[in-house]
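**Q** Structure file run.cif (mmCIF, N, CA and C atoms) is given on the next line.
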```
data_start
#
loop_
_atom_site.label_atom_id
_atom_site.label_comp_id
_atom_site.auth_asym_id
_atom_site.auth_seq_id
_atom_site.Cartn_x
_atom_site.Cartn_y
_atom_site.Cartn_z
N MET A 1378 -15.22 -1.51 -17.87
CA MET A 1378 -13.98 -2.09 -17.41
C MET A 1378 -14.06 -2.30 -15.89
N LYS A 1379 -13.69 -3.50 -15.47
CA LYS A 1379 -13.69 -3.79 -14.03
C LYS A 1379 -12.50 -3.12 -13.37
N LYS A 1380 -12.69 -2.83 -12.10
CA LYS A 1380 -11.62 -2.23 -11.31
C LYS A 1380 -11.50 -3.00 -10.01
N ILE A 1381 -10.34 -2.86 -9.39
CA ILE A 1381 -10.14 -3.41 -8.06
C ILE A 1381 -10.85 -2.46 -7.10
N ASN A 1382 -11.67 -3.02 -6.19
CA ASN A 1382 -12.38 -2.11 -5.29
C ASN A 1382 -11.40 -1.38 -4.38
N LYS A 1383 -11.84 -0.25 -3.86
CA LYS A 1383 -10.96 0.66 -3.12
C LYS A 1383 -10.32 0.00 -1.90
N THR A 1384 -11.08 -0.81 -1.19
CA THR A 1384 -10.53 -1.46 0.00
C THR A 1384 -9.41 -2.42 -0.38
N ASN A 1385 -9.65 -3.25 -1.39
CA ASN A 1385 -8.62 -4.20 -1.82
C ASN A 1385 -7.41 -3.48 -2.39
N LEU A 1386 -7.63 -2.41 -3.11
CA LEU A 1386 -6.53 -1.63 -3.67
C LEU A 1386 -5.69 -1.03 -2.54
N PHE A 1387 -6.36 -0.49 -1.52
CA PHE A 1387 -5.65 0.06 -0.36
C PHE A 1387 -4.83 -1.03 0.33
N LEU A 1388 -5.45 -2.21 0.56
CA LEU A 1388 -4.73 -3.30 1.22
C LEU A 1388 -3.50 -3.72 0.42
N LEU A 1389 -3.67 -3.85 -0.89
CA LEU A 1389 -2.54 -4.23 -1.74
C LEU A 1389 -1.45 -3.16 -1.73
N LYS A 1390 -1.84 -1.90 -1.81
CA LYS A 1390 -0.85 -0.82 -1.79
C LYS A 1390 -0.12 -0.77 -0.45
N PHE A 1391 -0.85 -0.92 0.63
CA PHE A 1391 -0.23 -0.89 1.96
C PHE A 1391 0.71 -2.07 2.13
N GLY A 1392 0.26 -3.26 1.74
CA GLY A 1392 1.12 -4.44 1.81
C GLY A 1392 2.35 -4.31 0.93
N THR A 1393 2.17 -3.71 -0.24
CA THR A 1393 3.29 -3.49 -1.15
C THR A 1393 4.30 -2.51 -0.53
N LEU A 1394 3.80 -1.44 0.06
CA LEU A 1394 4.69 -0.48 0.73
C LEU A 1394 5.45 -1.17 1.86
N GLN A 1395 4.77 -1.98 2.66
CA GLN A 1395 5.43 -2.72 3.74
C GLN A 1395 6.53 -3.61 3.18
N THR A 1396 6.26 -4.23 2.03
CA THR A 1396 7.23 -5.14 1.42
C THR A 1396 8.43 -4.37 0.88
N ILE A 1397 8.19 -3.22 0.28
CA ILE A 1397 9.29 -2.36 -0.20
C ILE A 1397 10.17 -1.95 0.98
N ILE A 1398 9.55 -1.53 2.06
CA ILE A 1398 10.30 -1.12 3.25
C ILE A 1398 11.12 -2.29 3.79
N MET A 1399 10.52 -3.48 3.81
CA MET A 1399 11.24 -4.65 4.31
C MET A 1399 12.43 -4.98 3.40
N GLY A 1400 12.23 -4.89 2.09
CA GLY A 1400 13.33 -5.14 1.16
C GLY A 1400 14.47 -4.15 1.37
N LEU A 1401 14.14 -2.88 1.49
CA LEU A 1401 15.16 -1.86 1.73
C LEU A 1401 15.86 -2.07 3.08
N TYR A 1402 15.08 -2.37 4.09
CA TYR A 1402 15.63 -2.56 5.44
C TYR A 1402 16.64 -3.71 5.46
N HIS A 1403 16.36 -4.77 4.71
CA HIS A 1403 17.26 -5.92 4.73
C HIS A 1403 18.64 -5.60 4.14
N PHE A 1404 18.73 -4.60 3.28
CA PHE A 1404 20.06 -4.18 2.81
C PHE A 1404 20.88 -3.62 3.98
N TYR A 1405 20.22 -3.04 4.95
CA TYR A 1405 20.88 -2.39 6.08
C TYR A 1405 21.22 -3.35 7.23
N ILE A 1406 20.52 -4.45 7.33
CA ILE A 1406 20.67 -5.38 8.47
C ILE A 1406 22.13 -5.78 8.75
N PRO A 1407 22.94 -6.13 7.73
CA PRO A 1407 24.32 -6.52 8.06
C PRO A 1407 25.10 -5.42 8.79
N PHE A 1408 24.78 -4.17 8.51
CA PHE A 1408 25.46 -3.06 9.19
C PHE A 1408 24.85 -2.82 10.57
N GLN A 1409 23.54 -2.97 10.66
CA GLN A 1409 22.86 -2.76 11.94
C GLN A 1409 23.36 -3.74 12.99
N PHE A 1410 23.55 -4.99 12.57
CA PHE A 1410 23.96 -6.03 13.52
C PHE A 1410 25.45 -6.36 13.43
N ASN A 1411 26.22 -5.51 12.73
CA ASN A 1411 27.67 -5.67 12.64
C ASN A 1411 28.10 -7.10 12.30
N TRP A 1412 27.53 -7.62 11.22
CA TRP A 1412 27.86 -8.99 10.82
C TRP A 1412 29.36 -9.20 10.67
N ALA A 1413 30.06 -8.21 10.16
CA ALA A 1413 31.50 -8.35 9.92
C ALA A 1413 32.27 -8.73 11.19
N ASN A 1414 31.79 -8.30 12.35
CA ASN A 1414 32.45 -8.63 13.61
C ASN A 1414 32.37 -10.11 13.97
N TYR A 1415 31.47 -10.84 13.34
CA TYR A 1415 31.25 -12.24 13.70
C TYR A 1415 31.71 -13.22 12.63
N LEU A 1416 32.30 -12.72 11.58
CA LEU A 1416 32.72 -13.58 10.48
C LEU A 1416 34.15 -14.06 10.69
N GLU A 1417 34.41 -15.27 10.26
CA GLU A 1417 35.74 -15.86 10.36
C GLU A 1417 36.56 -15.50 9.13
N GLN A 1418 37.76 -15.04 9.32
CA GLN A 1418 38.64 -14.72 8.19
C GLN A 1418 39.02 -15.97 7.41
N SER A 1419 38.91 -17.12 8.04
CA SER A 1419 39.28 -18.36 7.38
C SER A 1419 38.20 -18.90 6.44
N SER A 1420 37.07 -18.22 6.37
CA SER A 1420 35.98 -18.69 5.50
C SER A 1420 35.45 -17.57 4.61
N PRO A 1421 36.28 -17.03 3.73
CA PRO A 1421 35.83 -15.90 2.91
C PRO A 1421 34.67 -16.24 1.98
N THR A 1422 34.59 -17.47 1.51
CA THR A 1422 33.49 -17.85 0.63
C THR A 1422 32.17 -17.87 1.39
N ILE A 1423 32.19 -18.37 2.60
CA ILE A 1423 30.97 -18.39 3.42
C ILE A 1423 30.58 -16.96 3.80
N ASN A 1424 31.56 -16.13 4.11
CA ASN A 1424 31.29 -14.73 4.43
C ASN A 1424 30.63 -14.04 3.24
N TRP A 1425 31.21 -14.22 2.07
CA TRP A 1425 30.65 -13.63 0.85
C TRP A 1425 29.23 -14.14 0.63
N SER A 1426 29.03 -15.43 0.83
CA SER A 1426 27.71 -16.03 0.62
C SER A 1426 26.66 -15.44 1.56
N LEU A 1427 27.04 -15.21 2.79
CA LEU A 1427 26.11 -14.63 3.76
C LEU A 1427 25.63 -13.26 3.28
N TYR A 1428 26.57 -12.41 2.90
CA TYR A 1428 26.21 -11.07 2.42
C TYR A 1428 25.45 -11.14 1.09
N SER A 1429 25.92 -11.98 0.19
CA SER A 1429 25.27 -12.03 -1.13
C SER A 1429 23.86 -12.58 -1.01
N LEU A 1430 23.64 -13.60 -0.21
CA LEU A 1430 22.27 -14.12 -0.05
C LEU A 1430 21.34 -13.06 0.54
N ASN A 1431 21.84 -12.31 1.51
CA ASN A 1431 21.04 -11.23 2.07
C ASN A 1431 20.74 -10.18 1.01
N ASN A 1432 21.74 -9.81 0.23
CA ASN A 1432 21.54 -8.80 -0.81
C ASN A 1432 20.64 -9.30 -1.93
N TYR A 1433 20.81 -10.56 -2.33
CA TYR A 1433 19.94 -11.13 -3.37
C TYR A 1433 18.49 -11.15 -2.88
N PHE A 1434 18.31 -11.58 -1.64
CA PHE A 1434 16.97 -11.61 -1.07
C PHE A 1434 16.38 -10.20 -1.06
N SER A 1435 17.14 -9.24 -0.56
CA SER A 1435 16.66 -7.87 -0.45
C SER A 1435 16.29 -7.32 -1.82
N PHE A 1436 17.15 -7.55 -2.79
CA PHE A 1436 16.92 -7.07 -4.15
C PHE A 1436 15.67 -7.71 -4.74
N ASN A 1437 15.53 -9.01 -4.63
CA ASN A 1437 14.35 -9.70 -5.20
C ASN A 1437 13.06 -9.22 -4.56
N LEU A 1438 13.05 -9.09 -3.25
CA LEU A 1438 11.85 -8.63 -2.57
C LEU A 1438 11.52 -7.20 -2.99
N LEU A 1439 12.52 -6.35 -3.06
CA LEU A 1439 12.32 -4.96 -3.45
C LEU A 1439 11.79 -4.87 -4.89
N ILE A 1440 12.40 -5.55 -5.82
CA ILE A 1440 12.00 -5.48 -7.23
C ILE A 1440 10.59 -6.05 -7.41
N LEU A 1441 10.31 -7.16 -6.77
CA LEU A 1441 8.97 -7.75 -6.87
C LEU A 1441 7.91 -6.76 -6.38
N ALA A 1442 8.17 -6.14 -5.25
CA ALA A 1442 7.21 -5.18 -4.69
C ALA A 1442 7.11 -3.92 -5.55
N LEU A 1443 8.22 -3.47 -6.09
CA LEU A 1443 8.18 -2.28 -6.95
C LEU A 1443 7.37 -2.55 -8.23
N PHE A 1444 7.51 -3.73 -8.80
CA PHE A 1444 6.71 -4.06 -9.97
C PHE A 1444 5.22 -4.13 -9.62
N LEU A 1445 4.90 -4.74 -8.49
CA LEU A 1445 3.50 -4.78 -8.09
C LEU A 1445 2.99 -3.35 -7.87
N GLY A 1446 3.79 -2.53 -7.21
CA GLY A 1446 3.39 -1.15 -7.00
C GLY A 1446 3.14 -0.41 -8.30
N ARG A 1447 3.96 -0.64 -9.29
CA ARG A 1447 3.77 -0.02 -10.61
C ARG A 1447 2.42 -0.41 -11.20
N TYR A 1448 2.10 -1.68 -11.14
CA TYR A 1448 0.82 -2.12 -11.69
C TYR A 1448 -0.36 -1.60 -10.88
N LEU A 1449 -0.20 -1.52 -9.58
CA LEU A 1449 -1.29 -1.00 -8.75
C LEU A 1449 -1.53 0.49 -9.00
N LEU A 1450 -0.49 1.22 -9.33
CA LEU A 1450 -0.63 2.65 -9.56
C LEU A 1450 -0.99 3.00 -11.00
N LYS A 1451 -0.44 2.27 -11.96
CA LYS A 1451 -0.56 2.67 -13.37
C LYS A 1451 -1.40 1.74 -14.24
N LYS A 1452 -1.53 0.49 -13.86
CA LYS A 1452 -2.17 -0.49 -14.74
C LYS A 1452 -3.12 -1.38 -13.94
N LYS A 1453 -4.02 -0.77 -13.22
CA LYS A 1453 -4.92 -1.49 -12.33
C LYS A 1453 -5.79 -2.53 -13.02
N GLU A 1454 -5.97 -2.39 -14.33
CA GLU A 1454 -6.84 -3.31 -15.06
C GLU A 1454 -6.15 -4.63 -15.40
N ASN A 1455 -4.85 -4.75 -15.15
CA ASN A 1455 -4.11 -5.98 -15.44
C ASN A 1455 -4.24 -6.96 -14.27
N PHE A 1456 -5.44 -7.51 -14.11
CA PHE A 1456 -5.73 -8.38 -12.97
C PHE A 1456 -4.80 -9.59 -12.89
N GLU A 1457 -4.50 -10.19 -14.03
CA GLU A 1457 -3.68 -11.40 -14.00
C GLU A 1457 -2.26 -11.10 -13.52
N ILE A 1458 -1.65 -10.05 -14.01
CA ILE A 1458 -0.29 -9.70 -13.58
C ILE A 1458 -0.29 -9.28 -12.11
N ILE A 1459 -1.25 -8.47 -11.73
CA ILE A 1459 -1.36 -8.06 -10.32
C ILE A 1459 -1.56 -9.28 -9.44
N THR A 1460 -2.37 -10.22 -9.90
CA THR A 1460 -2.63 -11.43 -9.11
C THR A 1460 -1.37 -12.27 -8.96
N VAL A 1461 -0.61 -12.42 -10.03
CA VAL A 1461 0.64 -13.20 -9.95
C VAL A 1461 1.62 -12.53 -8.99
N LEU A 1462 1.85 -11.24 -9.15
CA LEU A 1462 2.79 -10.54 -8.29
C LEU A 1462 2.32 -10.54 -6.83
N ALA A 1463 1.04 -10.28 -6.61
CA ALA A 1463 0.51 -10.28 -5.24
C ALA A 1463 0.58 -11.69 -4.65
N SER A 1464 0.36 -12.70 -5.46
CA SER A 1464 0.45 -14.09 -4.98
C SER A 1464 1.87 -14.42 -4.52
N LEU A 1465 2.85 -13.99 -5.29
CA LEU A 1465 4.25 -14.24 -4.92
C LEU A 1465 4.59 -13.56 -3.60
N ILE A 1466 4.16 -12.31 -3.44
CA ILE A 1466 4.45 -11.60 -2.19
C ILE A 1466 3.65 -12.22 -1.04
N PHE A 1467 2.41 -12.61 -1.29
CA PHE A 1467 1.62 -13.30 -0.27
C PHE A 1467 2.35 -14.56 0.19
N MET A 1468 2.84 -15.36 -0.77
CA MET A 1468 3.54 -16.59 -0.41
C MET A 1468 4.81 -16.31 0.38
N PHE A 1469 5.49 -15.21 0.05
CA PHE A 1469 6.67 -14.83 0.83
C PHE A 1469 6.28 -14.56 2.29
N TRP A 1470 5.24 -13.73 2.47
CA TRP A 1470 4.84 -13.38 3.84
C TRP A 1470 4.29 -14.59 4.59
N LEU A 1471 3.56 -15.45 3.91
CA LEU A 1471 3.07 -16.67 4.56
C LEU A 1471 4.24 -17.55 4.99
N PHE A 1472 5.20 -17.73 4.08
CA PHE A 1472 6.40 -18.52 4.42
C PHE A 1472 7.14 -17.88 5.60
N SER A 1473 7.28 -16.56 5.57
CA SER A 1473 7.96 -15.85 6.66
C SER A 1473 7.25 -16.09 7.99
N THR A 1474 5.93 -15.99 7.97
CA THR A 1474 5.16 -16.23 9.20
C THR A 1474 5.38 -17.64 9.72
N LEU A 1475 5.22 -18.62 8.84
CA LEU A 1475 5.36 -20.02 9.26
C LEU A 1475 6.79 -20.32 9.72
N TYR A 1476 7.75 -19.82 8.99
CA TYR A 1476 9.15 -20.06 9.35
C TYR A 1476 9.44 -19.51 10.74
N GLN A 1477 8.98 -18.30 11.01
CA GLN A 1477 9.26 -17.67 12.30
C GLN A 1477 8.52 -18.37 13.44
N LEU A 1478 7.37 -18.96 13.15
CA LEU A 1478 6.66 -19.72 14.18
C LEU A 1478 7.38 -21.04 14.48
N ILE A 1479 7.91 -21.67 13.43
CA ILE A 1479 8.60 -22.95 13.59
C ILE A 1479 10.03 -22.76 14.10
N GLU A 1480 10.69 -21.75 13.59
CA GLU A 1480 12.10 -21.49 13.92
C GLU A 1480 12.27 -20.01 14.28
N PRO A 1481 11.85 -19.63 15.51
CA PRO A 1481 11.93 -18.21 15.89
C PRO A 1481 13.38 -17.71 15.92
N MET A 1482 13.53 -16.42 15.68
CA MET A 1482 14.85 -15.80 15.74
C MET A 1482 15.37 -15.90 17.17
N PRO A 1483 16.58 -16.42 17.35
CA PRO A 1483 17.13 -16.45 18.71
C PRO A 1483 17.47 -15.03 19.17
N LEU A 1484 16.89 -14.65 20.27
CA LEU A 1484 17.08 -13.30 20.80
C LEU A 1484 17.41 -13.38 22.28
N PRO A 1485 18.15 -12.40 22.80
CA PRO A 1485 18.35 -12.36 24.25
C PRO A 1485 16.99 -12.17 24.93
N GLU A 1486 16.91 -12.67 26.13
CA GLU A 1486 15.65 -12.63 26.89
C GLU A 1486 14.99 -11.26 26.89
N HIS A 1487 15.77 -10.21 27.10
CA HIS A 1487 15.19 -8.86 27.19
C HIS A 1487 14.71 -8.33 25.83
N LEU A 1488 15.03 -9.03 24.75
CA LEU A 1488 14.58 -8.60 23.41
C LEU A 1488 13.57 -9.56 22.79
N ASN A 1489 13.04 -10.46 23.57
CA ASN A 1489 12.06 -11.43 23.05
C ASN A 1489 10.86 -10.75 22.39
N TRP A 1490 10.53 -9.57 22.81
CA TRP A 1490 9.39 -8.84 22.24
C TRP A 1490 9.59 -8.59 20.75
N ILE A 1491 10.83 -8.47 20.31
CA ILE A 1491 11.10 -8.25 18.88
C ILE A 1491 10.60 -9.44 18.06
N GLY A 1492 10.76 -10.63 18.60
CA GLY A 1492 10.28 -11.83 17.90
C GLY A 1492 8.78 -11.78 17.67
N PHE A 1493 8.04 -11.27 18.64
CA PHE A 1493 6.58 -11.15 18.47
C PHE A 1493 6.24 -10.11 17.40
N ILE A 1494 6.99 -9.03 17.38
CA ILE A 1494 6.75 -7.99 16.37
C ILE A 1494 7.04 -8.54 14.97
N LEU A 1495 8.16 -9.25 14.82
CA LEU A 1495 8.53 -9.77 13.51
C LEU A 1495 7.50 -10.75 12.96
N VAL A 1496 7.08 -11.68 13.78
CA VAL A 1496 6.08 -12.64 13.30
C VAL A 1496 4.73 -11.94 13.12
N GLY A 1497 4.45 -10.95 13.94
CA GLY A 1497 3.20 -10.18 13.80
C GLY A 1497 3.16 -9.40 12.50
N VAL A 1498 4.27 -8.75 12.15
CA VAL A 1498 4.34 -8.01 10.88
C VAL A 1498 4.16 -8.97 9.71
N ALA A 1499 4.84 -10.10 9.76
CA ALA A 1499 4.71 -11.09 8.67
C ALA A 1499 3.26 -11.57 8.56
N PHE A 1500 2.63 -11.85 9.68
CA PHE A 1500 1.25 -12.32 9.67
C PHE A 1500 0.29 -11.25 9.14
N ILE A 1501 0.45 -10.02 9.61
CA ILE A 1501 -0.42 -8.93 9.14
C ILE A 1501 -0.24 -8.72 7.64
N ASN A 1502 1.01 -8.76 7.16
CA ASN A 1502 1.24 -8.61 5.73
C ASN A 1502 0.65 -9.77 4.93
N THR A 1503 0.68 -10.96 5.50
CA THR A 1503 0.02 -12.11 4.85
C THR A 1503 -1.46 -11.81 4.67
N LEU A 1504 -2.10 -11.30 5.72
CA LEU A 1504 -3.52 -10.98 5.64
C LEU A 1504 -3.80 -9.83 4.68
N LEU A 1505 -2.89 -8.84 4.64
CA LEU A 1505 -3.08 -7.71 3.71
C LEU A 1505 -3.17 -8.19 2.27
N PHE A 1506 -2.44 -9.23 1.93
CA PHE A 1506 -2.47 -9.75 0.56
C PHE A 1506 -3.56 -10.79 0.36
N LEU A 1507 -3.91 -11.52 1.40
CA LEU A 1507 -4.88 -12.61 1.26
C LEU A 1507 -6.25 -12.12 0.82
N THR A 1508 -6.78 -11.13 1.48
CA THR A 1508 -8.14 -10.66 1.18
C THR A 1508 -8.28 -10.17 -0.26
N PRO A 1509 -7.42 -9.29 -0.74
CA PRO A 1509 -7.54 -8.87 -2.14
C PRO A 1509 -7.29 -10.02 -3.12
N LEU A 1510 -6.40 -10.94 -2.76
CA LEU A 1510 -6.12 -12.06 -3.66
C LEU A 1510 -7.34 -12.92 -3.90
N ILE A 1511 -8.10 -13.14 -2.87
CA ILE A 1511 -9.33 -13.93 -3.02
C ILE A 1511 -10.24 -13.28 -4.06
N THR A 1512 -10.41 -11.96 -3.95
CA THR A 1512 -11.24 -11.23 -4.91
C THR A 1512 -10.63 -11.28 -6.31
N LEU A 1513 -9.33 -11.07 -6.43
CA LEU A 1513 -8.68 -11.09 -7.74
C LEU A 1513 -8.79 -12.46 -8.39
N LEU A 1514 -8.61 -13.50 -7.61
CA LEU A 1514 -8.70 -14.85 -8.17
C LEU A 1514 -10.11 -15.14 -8.67
N LYS A 1515 -11.11 -14.63 -7.97
CA LYS A 1515 -12.50 -14.79 -8.43
C LYS A 1515 -12.71 -14.04 -9.75
N LYS A 1516 -12.12 -12.84 -9.88
CA LYS A 1516 -12.28 -12.07 -11.12
C LYS A 1516 -11.63 -12.77 -12.30
N ILE A 1517 -10.49 -13.39 -12.06
CA ILE A 1517 -9.80 -14.08 -13.14
C ILE A 1517 -10.56 -15.34 -13.53
N LYS A 1518 -11.07 -16.03 -12.53
CA LYS A 1518 -11.81 -17.27 -12.79
C LYS A 1518 -13.12 -16.98 -13.52
N ASN A 1519 -13.77 -15.88 -13.18
CA ASN A 1519 -15.05 -15.52 -13.76
C ASN A 1519 -15.01 -14.07 -14.20
N PRO A 1520 -14.29 -13.75 -15.33
CA PRO A 1520 -14.11 -12.35 -15.71
C PRO A 1520 -15.38 -11.65 -16.17
N HIS A 1521 -16.37 -12.38 -16.62
CA HIS A 1521 -17.60 -11.78 -17.12
C HIS A 1521 -18.80 -12.44 -16.45
N PRO A 1522 -19.03 -12.12 -15.16
CA PRO A 1522 -20.17 -12.76 -14.48
C PRO A 1522 -21.49 -12.30 -15.14
N MET A 1523 -22.41 -13.23 -15.18
CA MET A 1523 -23.72 -12.90 -15.77
C MET A 1523 -24.56 -12.21 -14.71
N GLY A 1524 -25.39 -11.30 -15.16
CA GLY A 1524 -26.32 -10.66 -14.22
C GLY A 1524 -26.03 -9.26 -13.94
#
```
Show me, as structure tokens, the structure contained in the file I just sent.

**A**
Amino acid sequence: MKKINKTNLFLLKFGTLQTIIMGLYHFYIPFQFNWANYLEQSSPTINWSLYSLNNYFSFNLLILALFLGRYLLKKKENFEIITVLASLIFMFWLFSTLYQLIEPMPLPEHLNWIGFILVGVAFINTLLFLTPLITLLKKIKNPHPMG
């Protein structure tokens, strides 16, 4: 039975942990930045939408990462499922990196360094998933190499 090599497994697990942390952290962001202080009472539907989109995003990211983590810990031989889940998270981090490069978070001058950290984390997480994905995709394409 083939296995994911230790380096790729470590990268996937680390990237998955980073993604779980990011999903959990996003549930807290509205409180951290006191979103309620900036909402208009005249637009309750937009206010609700802002919170719900953040919560939906956080939940989806968290659940996706938790499922990948489950397969990485308990069902390492399921290359196709691991590849699909890792691909989805890879695409999230790639999109996050590109989005932040094209449309950086507006920050006060003295906090510009946060923007570099955010895009850096997204880029590093993209790389954490890219390397193992290349190997996984090769295994799926050629599950029984000759030789």

**Q** Identify, with DSSP run on backbone atoms, the residues in chain A assigned to helix (DSSP H, G or I), and express the list as a ChimeraX atom specification.

**A** /A:1383-1409,1412-1415,1421-1451,1456-1479,1486-1518

**Q** Within 8 Å of Phe1456 in chain A, counting only C-alpha atoms, which residues qualify if same-chain residues fewer than 6 places away don't, as an mmCIF file with N, CA and C atoms, keeping the file's coordinate frame?

**A**
```
data_model
loop_
_atom_site.group_PDB
_atom_site.id
_atom_site.type_symbol
_atom_site.label_atom_id
_atom_site.label_comp_id
_atom_site.auth_asym_id
_atom_site.auth_seq_id
_atom_site.Cartn_x
_atom_site.Cartn_y
_atom_site.Cartn_z
ATOM 1 N N LEU A 1513 -9.330 -11.070 -6.430
ATOM 2 C CA LEU A 1513 -8.680 -11.090 -7.740
ATOM 3 C C LEU A 1513 -8.790 -12.460 -8.390
ATOM 4 N N LYS A 1516 -12.120 -12.840 -9.880
ATOM 5 C CA LYS A 1516 -12.280 -12.070 -11.120
ATOM 6 C C LYS A 1516 -11.630 -12.770 -12.300
ATOM 7 N N ILE A 1517 -10.490 -13.390 -12.060
ATOM 8 C CA ILE A 1517 -9.800 -14.080 -13.140
ATOM 9 C C ILE A 1517 -10.560 -15.340 -13.530
#
```

**Q** For a test of reading the model, state the distance in Å between CA of Leu1471 in chain A and CA of Thr1503 in chain A, rounded to one decimal.

**A**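 Going from CA of Leu1471 in chain A over to CA of Thr1503 in chain A covers 5.5 Å.
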
**Q** What is the distance between CA of Gln1418 in chain A and CA of His1403 in chain A, in Å to one decimal?

**A** 23.4 Å

**Q** Looking at A:Leu1484, A:Leu1401, A:Ile1479, A:Leu1389, which one is nearest to Leu1439 in chain A, with distances taken over all atoms listed in the file?

**A**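 Residue with the minimum atom-to-atom distance to Leu1439 in chain A: A:Leu1401.
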
**Q** For this structure, which residues satisfy the selection - the PyMOL selection byres ((chain A and resi 1502) around 8) - when it is evaluated on the file as given? I want them as a short mmCIF file (atom, residue, chain, number, x, y, z; two decimals) with N, CA and C atoms, in the frame of the given file.

**A**
```cif
data_model
loop_
_atom_site.label_atom_id
_atom_site.label_comp_id
_atom_site.auth_asym_id
_atom_site.auth_seq_id
_atom_site.Cartn_x
_atom_site.Cartn_y
_atom_site.Cartn_z
N PHE A 1391 -0.85 -0.92 0.63
CA PHE A 1391 -0.23 -0.89 1.96
C PHE A 1391 0.71 -2.07 2.13
N GLY A 1392 0.26 -3.26 1.74
CA GLY A 1392 1.12 -4.44 1.81
C GLY A 1392 2.35 -4.31 0.93
N THR A 1393 2.17 -3.71 -0.24
CA THR A 1393 3.29 -3.49 -1.15
C THR A 1393 4.30 -2.51 -0.53
N GLN A 1395 4.77 -1.98 2.66
CA GLN A 1395 5.43 -2.72 3.74
C GLN A 1395 6.53 -3.61 3.18
N THR A 1396 6.26 -4.23 2.03
CA THR A 1396 7.23 -5.14 1.42
C THR A 1396 8.43 -4.37 0.88
N ILE A 1466 4.16 -12.31 -3.44
CA ILE A 1466 4.45 -11.60 -2.19
C ILE A 1466 3.65 -12.22 -1.04
N PHE A 1467 2.41 -12.61 -1.29
CA PHE A 1467 1.62 -13.30 -0.27
C PHE A 1467 2.35 -14.56 0.19
N PHE A 1469 5.49 -15.21 0.05
CA PHE A 1469 6.67 -14.83 0.83
C PHE A 1469 6.28 -14.56 2.29
N TRP A 1470 5.24 -13.73 2.47
CA TRP A 1470 4.84 -13.38 3.84
C TRP A 1470 4.29 -14.59 4.59
N LEU A 1471 3.56 -15.45 3.91
CA LEU A 1471 3.07 -16.67 4.56
C LEU A 1471 4.24 -17.55 4.99
N VAL A 1496 7.08 -11.68 13.78
CA VAL A 1496 6.08 -12.64 13.30
C VAL A 1496 4.73 -11.94 13.12
N GLY A 1497 4.45 -10.95 13.94
CA GLY A 1497 3.20 -10.18 13.80
C GLY A 1497 3.16 -9.40 12.50
N VAL A 1498 4.27 -8.75 12.15
CA VAL A 1498 4.34 -8.01 10.88
C VAL A 1498 4.16 -8.97 9.71
N ALA A 1499 4.84 -10.10 9.76
CA ALA A 1499 4.71 -11.09 8.67
C ALA A 1499 3.26 -11.57 8.56
N PHE A 1500 2.63 -11.85 9.68
CA PHE A 1500 1.25 -12.32 9.67
C PHE A 1500 0.29 -11.25 9.14
N ILE A 1501 0.45 -10.02 9.61
CA ILE A 1501 -0.42 -8.93 9.14
C ILE A 1501 -0.24 -8.72 7.64
N THR A 1503 0.68 -10.96 5.50
CA THR A 1503 0.02 -12.11 4.85
C THR A 1503 -1.46 -11.81 4.67
N LEU A 1504 -2.10 -11.30 5.72
CA LEU A 1504 -3.52 -10.98 5.64
C LEU A 1504 -3.80 -9.83 4.68
N LEU A 1505 -2.89 -8.84 4.64
CA LEU A 1505 -3.08 -7.71 3.71
C LEU A 1505 -3.17 -8.19 2.27
N PHE A 1506 -2.44 -9.23 1.93
CA PHE A 1506 -2.47 -9.75 0.56
C PHE A 1506 -3.56 -10.79 0.36
N LEU A 1507 -3.91 -11.52 1.40
CA LEU A 1507 -4.88 -12.61 1.26
C LEU A 1507 -6.25 -12.12 0.82
#
```

**Q** Closest to Tyr1402 in chain A among A:Ser1435, A:His1487, A:Phe1493, A:Met1482, using all atoms listed in the file?

**A**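 Using all atoms listed in the file, Tyr1402 in chain A sits closest to A:Ser1435.
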
**Q** When you get a chance, write out N, CA, C and O atoms for range 1393-1399 of chain A, as a compact mmCIF listing (two decimals), in the coordinates of the input.

**A**
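As written to disk, out-v8.txt reads:
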```txt
# COMPACT_ATOMS: atom_id res chain seq x y z
N THR A 1393 2.17 -3.71 -0.24
CA THR A 1393 3.29 -3.49 -1.15
C THR A 1393 4.30 -2.51 -0.53
O THR A 1393 5.51 -2.74 -0.58
N LEU A 1394 3.80 -1.44 0.06
CA LEU A 1394 4.69 -0.48 0.73
C LEU A 1394 5.45 -1.17 1.86
O LEU A 1394 6.67 -0.97 2.00
N GLN A 1395 4.77 -1.98 2.66
CA GLN A 1395 5.43 -2.72 3.74
C GLN A 1395 6.53 -3.61 3.18
O GLN A 1395 7.59 -3.76 3.78
N THR A 1396 6.26 -4.23 2.03
CA THR A 1396 7.23 -5.14 1.42
C THR A 1396 8.43 -4.37 0.88
O THR A 1396 9.57 -4.81 1.02
N ILE A 1397 8.19 -3.22 0.28
CA ILE A 1397 9.29 -2.36 -0.20
C ILE A 1397 10.17 -1.95 0.98
O ILE A 1397 11.40 -2.03 0.91
N ILE A 1398 9.55 -1.53 2.06
CA ILE A 1398 10.30 -1.12 3.25
C ILE A 1398 11.12 -2.29 3.79
O ILE A 1398 12.29 -2.13 4.15
N MET A 1399 10.52 -3.48 3.81
CA MET A 1399 11.24 -4.65 4.31
C MET A 1399 12.43 -4.98 3.40
O MET A 1399 13.51 -5.31 3.88
```
